[in-house]
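*Asks:* run-v7.cif is the file, holding mmCIF, C-alpha atoms:
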```cif
data_run
loop_
_atom_site.label_atom_id
_atom_site.label_comp_id
_atom_site.auth_asym_id
_atom_site.auth_seq_id
_atom_site.Cartn_x
_atom_site.Cartn_y
_atom_site.Cartn_z
CA MET K 1 0.00 0.00 0.00
CA LEU K 2 1.33 3.45 -0.92
CA ALA K 3 1.70 6.10 1.74
CA THR K 4 -0.41 9.21 1.34
CA ASN K 5 0.60 12.68 2.46
CA SER K 6 -1.50 12.26 5.61
CA ASP K 7 0.49 9.11 6.51
CA ILE K 8 3.86 10.83 6.31
CA VAL K 9 5.11 12.33 9.56
CA ASN K 10 7.54 15.23 9.30
CA PRO K 11 10.40 14.29 11.64
CA LEU K 12 11.32 17.96 12.16
CA PHE K 13 8.33 18.41 14.50
CA LEU K 14 7.61 16.52 17.72
CA PRO K 15 3.98 16.46 18.89
CA ASP K 16 4.98 16.89 22.55
CA SER K 17 7.42 19.74 21.86
CA ILE K 18 5.15 22.55 20.71
CA PHE K 19 4.74 25.39 23.17
CA LEU K 20 2.43 28.28 24.01
CA SER K 21 4.20 30.99 25.98
CA GLU K 22 2.65 33.67 28.17
CA GLN K 23 6.07 35.24 28.82
CA THR K 24 6.67 38.86 27.80
CA SER K 25 10.44 38.90 27.20
CA LYS K 26 12.55 36.75 24.91
CA GLU K 27 14.82 35.76 27.81
CA ALA K 28 11.84 34.49 29.81
CA VAL K 29 10.47 32.62 26.77
CA PHE K 30 13.90 31.09 26.15
CA LYS K 31 14.18 30.07 29.83
CA ASP K 32 10.75 28.39 29.96
CA VAL K 33 11.17 26.53 26.68
CA SER K 34 14.79 25.57 27.41
CA GLU K 35 13.84 24.04 30.77
CA GLN K 36 11.29 21.83 29.00
CA LEU K 37 13.76 20.88 26.27
CA VAL K 38 16.40 19.91 28.86
CA LYS K 39 13.82 17.72 30.67
CA LYS K 40 13.00 15.99 27.37
CA GLY K 41 16.71 15.43 26.66
CA LEU K 42 16.57 17.45 23.44
CA VAL K 43 19.22 19.97 24.53
CA LYS K 44 22.12 20.15 26.97
CA GLU K 45 22.16 22.10 30.24
CA THR K 46 24.31 24.77 28.53
CA PHE K 47 21.70 25.40 25.81
CA LEU K 48 19.93 28.38 27.43
CA GLU K 49 23.10 30.32 28.20
CA ASN K 50 24.38 29.85 24.66
CA LEU K 51 21.02 30.57 23.03
CA ILE K 52 20.87 33.94 24.82
CA LYS K 53 24.50 34.76 23.90
CA ARG K 54 23.93 33.91 20.26
CA GLU K 55 20.70 35.92 20.10
CA GLU K 56 22.56 38.96 21.48
CA SER K 57 25.29 38.65 18.83
CA PHE K 58 23.17 37.45 15.91
CA PRO K 59 19.50 38.47 16.33
CA THR K 60 16.85 36.23 14.77
CA GLY K 61 13.75 38.44 14.54
CA MET K 62 12.35 38.37 11.02
CA ASP K 63 10.02 40.95 9.50
CA LEU K 64 7.63 39.06 7.22
CA PHE K 65 6.22 42.25 5.70
CA VAL K 66 8.32 41.62 2.57
CA VAL K 67 6.72 38.17 2.17
CA ASN K 68 3.21 39.46 2.82
CA PRO K 69 2.20 42.63 4.72
CA SER K 70 -0.54 40.74 6.57
CA LEU K 71 1.86 38.25 8.22
CA PRO K 72 3.16 38.71 11.78
CA ASN K 73 6.88 38.83 12.56
CA ILE K 74 8.62 35.62 13.58
CA GLY K 75 11.80 34.66 15.37
CA ILE K 76 14.12 31.80 14.42
CA PRO K 77 16.33 31.42 17.51
CA HIS K 78 19.08 28.81 17.47
CA THR K 79 22.56 28.11 18.75
CA GLU K 80 25.50 25.90 17.86
CA GLY K 81 24.98 22.16 17.51
CA GLU K 82 27.29 21.30 20.41
CA PHE K 83 24.53 22.41 22.82
CA VAL K 84 21.82 20.31 21.16
CA ASN K 85 21.11 16.54 21.14
CA THR K 86 18.82 16.28 18.10
CA ARG K 87 17.61 17.87 14.88
CA CYS K 88 14.12 19.39 14.94
CA ILE K 89 12.13 22.62 14.99
CA ILE K 90 10.36 23.72 18.17
CA PRO K 91 7.30 25.88 17.37
CA VAL K 92 6.44 28.44 20.06
CA LYS K 93 3.26 30.54 19.88
CA LEU K 94 3.81 33.76 21.83
CA MET K 95 0.51 34.73 23.43
CA THR K 96 1.78 38.30 23.77
CA PRO K 97 4.18 39.69 21.14
CA VAL K 98 7.78 39.78 22.38
CA THR K 99 10.49 42.25 21.31
CA PHE K 100 13.33 40.81 19.23
CA ASN K 101 16.11 42.52 17.35
CA ASN K 102 15.85 42.33 13.58
CA MET K 103 17.99 39.73 11.81
CA ILE K 104 18.72 42.06 8.86
CA HIS K 105 19.04 45.33 10.82
CA PRO K 106 20.27 44.25 14.29
CA SER K 107 19.85 47.68 15.89
CA ALA K 108 16.15 47.72 14.97
CA THR K 109 13.55 45.92 17.08
CA LEU K 110 10.30 44.27 16.11
CA GLU K 111 7.43 42.57 17.85
CA VAL K 112 7.44 38.82 17.27
CA SER K 113 4.38 36.56 17.63
CA PHE K 114 5.74 33.11 16.75
CA LEU K 115 9.06 31.28 17.05
CA PHE K 116 10.54 28.47 15.04
CA MET K 117 13.34 27.46 17.43
CA ILE K 118 15.88 25.39 15.54
CA LEU K 119 17.58 22.51 17.33
CA ASN K 120 20.29 21.12 15.12
CA ASN K 121 23.16 18.88 16.10
CA ASP K 122 24.27 18.72 12.44
CA PRO K 123 26.01 22.06 11.73
CA GLY K 124 26.01 21.41 7.99
CA ALA K 125 22.21 21.30 7.88
CA GLN K 126 21.52 24.67 9.60
CA THR K 127 20.98 26.55 6.35
CA ASN K 128 18.74 23.74 5.05
CA ILE K 129 16.40 24.13 8.02
CA LEU K 130 16.33 27.94 7.65
CA SER K 131 15.59 27.46 3.95
CA ASP K 132 12.79 25.01 4.78
CA ILE K 133 11.21 27.53 7.17
CA MET K 134 11.36 30.29 4.57
CA GLY K 135 9.97 27.93 1.93
CA PHE K 136 7.04 27.16 4.24
CA ILE K 137 6.41 30.88 4.88
CA SER K 138 6.59 31.83 1.21
CA THR K 139 4.53 28.96 -0.27
CA VAL K 140 1.61 28.53 2.15
CA ASP K 141 -1.37 30.78 1.44
CA PRO K 142 -1.07 33.95 3.60
CA LYS K 143 -4.66 33.59 4.85
CA GLN K 144 -3.91 30.05 6.06
CA LEU K 145 -0.61 31.21 7.58
CA ASN K 146 -2.37 33.98 9.51
CA GLU K 147 -4.84 31.44 10.88
CA PHE K 148 -1.92 29.18 11.81
CA PHE K 149 -0.02 31.97 13.58
CA ASN K 150 -3.16 32.64 15.65
CA TYR K 151 -3.68 29.03 16.78
CA THR K 152 -3.55 28.57 20.55
CA ASP K 153 -3.95 24.79 20.43
CA THR K 154 -0.68 22.85 20.21
CA GLU K 155 -2.39 19.93 18.45
CA LYS K 156 -3.70 22.27 15.71
CA ILE K 157 -0.21 23.77 15.33
CA TYR K 158 1.30 20.30 15.00
CA GLN K 159 -1.33 19.11 12.49
CA PHE K 160 -0.93 22.22 10.33
CA LEU K 161 2.84 21.78 10.24
CA GLN K 162 2.47 18.10 9.37
CA GLU K 163 0.17 18.98 6.47
CA LYS K 164 1.89 22.09 5.11
CA PHE K 165 5.59 22.03 6.02
#
```
Please render this file's structure as structure tokens.

*Replies:*
Amino acid sequence: MLATNSDIVNPLFLPDSIFLSEQTSKEAVFKDVSEQLVKKGLVKETFLENLIKREESFPTGMDLFVVNPSLPNIGIPHTEGEFVNTRCIIPVKLMTPVTFNNMIHPSATLEVSFLFMILNNDPGAQTNILSDIMGFISTVDPKQLNEFFNYTDTEKIYQFLQEKF
């Protein structure tokens, strides 16, 4: 029997590692999510410290206005593979927008509503995952993406990513 698209599971997303965050600062979001990721064995104890350092040096806030003016801003935080035990993307819906510095213009800030936190223990694949995220953003219908970015149900977030990513 042939597999259909609905039978294929995207290994980049884990159903029990999708988060909703009520935190109002990126450091607090990073702390909450990192604690959960350490408990699950997905990252090392040093992950949080290095994630914060990397975000300070190389901001990951992304203005999606150029893709479509109706889309909210996203963040794509990540750190070096030595602090990570796996390869996946951790979606985080921010219930209140959080201030991030802009990836392209680091001195500028923007309000971010959703994170795609990259965990990647294969340094050679980092750009592939970034490219996959941008491909997802640029090919999914903006109306559907806006609905997705407003989901507050982790199961709905997971299902959408399984179907569209």

*Asks:* Residue by residue, what does the PyMOL selection byres ((chain K and resi 110) around 8) grab here? Present the result as a tab-separated table (two decimals) with C-alpha atoms, keeping the file's coordinate frame.

*Replies:*
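The result, stored in selection-v2.tsv:
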```
chain	number	residue	atom	x	y	z
K	61	GLY	CA	13.75	38.44	14.54
K	63	ASP	CA	10.02	40.95	9.50
K	73	ASN	CA	6.88	38.83	12.56
K	99	THR	CA	10.49	42.25	21.31
K	100	PHE	CA	13.33	40.81	19.23
K	101	ASN	CA	16.11	42.52	17.35
K	102	ASN	CA	15.85	42.33	13.58
K	108	ALA	CA	16.15	47.72	14.97
K	109	THR	CA	13.55	45.92	17.08
K	111	GLU	CA	7.43	42.57	17.85
K	112	VAL	CA	7.44	38.82	17.27
```

*Asks:* Using only C-alpha atoms, which residue out of K:Thr139, K:Thr86, K:Thr46, K:Gln23 lies closest to Pro11 (chain K)?

*Replies:*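 Nearest to Pro11 (chain K): K:Thr86.
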
*Asks:* If you take all atoms listed in the file and a cut-off of 10 Å, which residues of region 3-73 of chain K touch region 129-134 of chain K, and what are their nearest atom pairs and distances in Å to one decimal, in chain and number order, as a Markdown table?

*Replies:*
```
| residue | atom | partner | partner_atom | distance |
| --- | --- | --- | --- | --- |
| K:Leu12 | CA | K:Ile129 | CA | 9.0 |
| K:Leu64 | CA | K:Met134 | CA | 9.9 |
| K:Val67 | CA | K:Met134 | CA | 9.5 |
```

*Asks:* Measuring between all atoms listed in the file, which one of K:Phe83, K:Tyr158, K:Phe13, K:Phe58 shows the shortest distance to Ser34 (chain K)?

*Replies:*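 Nearest candidate to Ser34 (chain K) out of K:Phe83, K:Tyr158, K:Phe13, K:Phe58: K:Phe83.
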
*Asks:* What would the selection look like, as a list in words, if the PyMOL selection byres ((chain K and resi 89) around 9) were run on the coordinates I just shared?

*Replies:* Leu12, Phe13, Leu14, Ser17, Arg87, Cys88, Ile90, Pro91, Phe116, Met117, Ile118, Leu119, Asn120 and Ile129 of chain K

*Asks:* Generate the output file for the selected residues, C-alpha atoms, as a CSV table (one decimal), in the coordinates of the input.

*Replies:*
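Okay, part38.csv is ready:
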```csv
chain,number,residue,atom,x,y,z
K,12,LEU,CA,11.3,18.0,12.2
K,13,PHE,CA,8.3,18.4,14.5
K,14,LEU,CA,7.6,16.5,17.7
K,17,SER,CA,7.4,19.7,21.9
K,87,ARG,CA,17.6,17.9,14.9
K,88,CYS,CA,14.1,19.4,14.9
K,90,ILE,CA,10.4,23.7,18.2
K,91,PRO,CA,7.3,25.9,17.4
K,116,PHE,CA,10.5,28.5,15.0
K,117,MET,CA,13.3,27.5,17.4
K,118,ILE,CA,15.9,25.4,15.5
K,119,LEU,CA,17.6,22.5,17.3
K,120,ASN,CA,20.3,21.1,15.1
K,129,ILE,CA,16.4,24.1,8.0
```
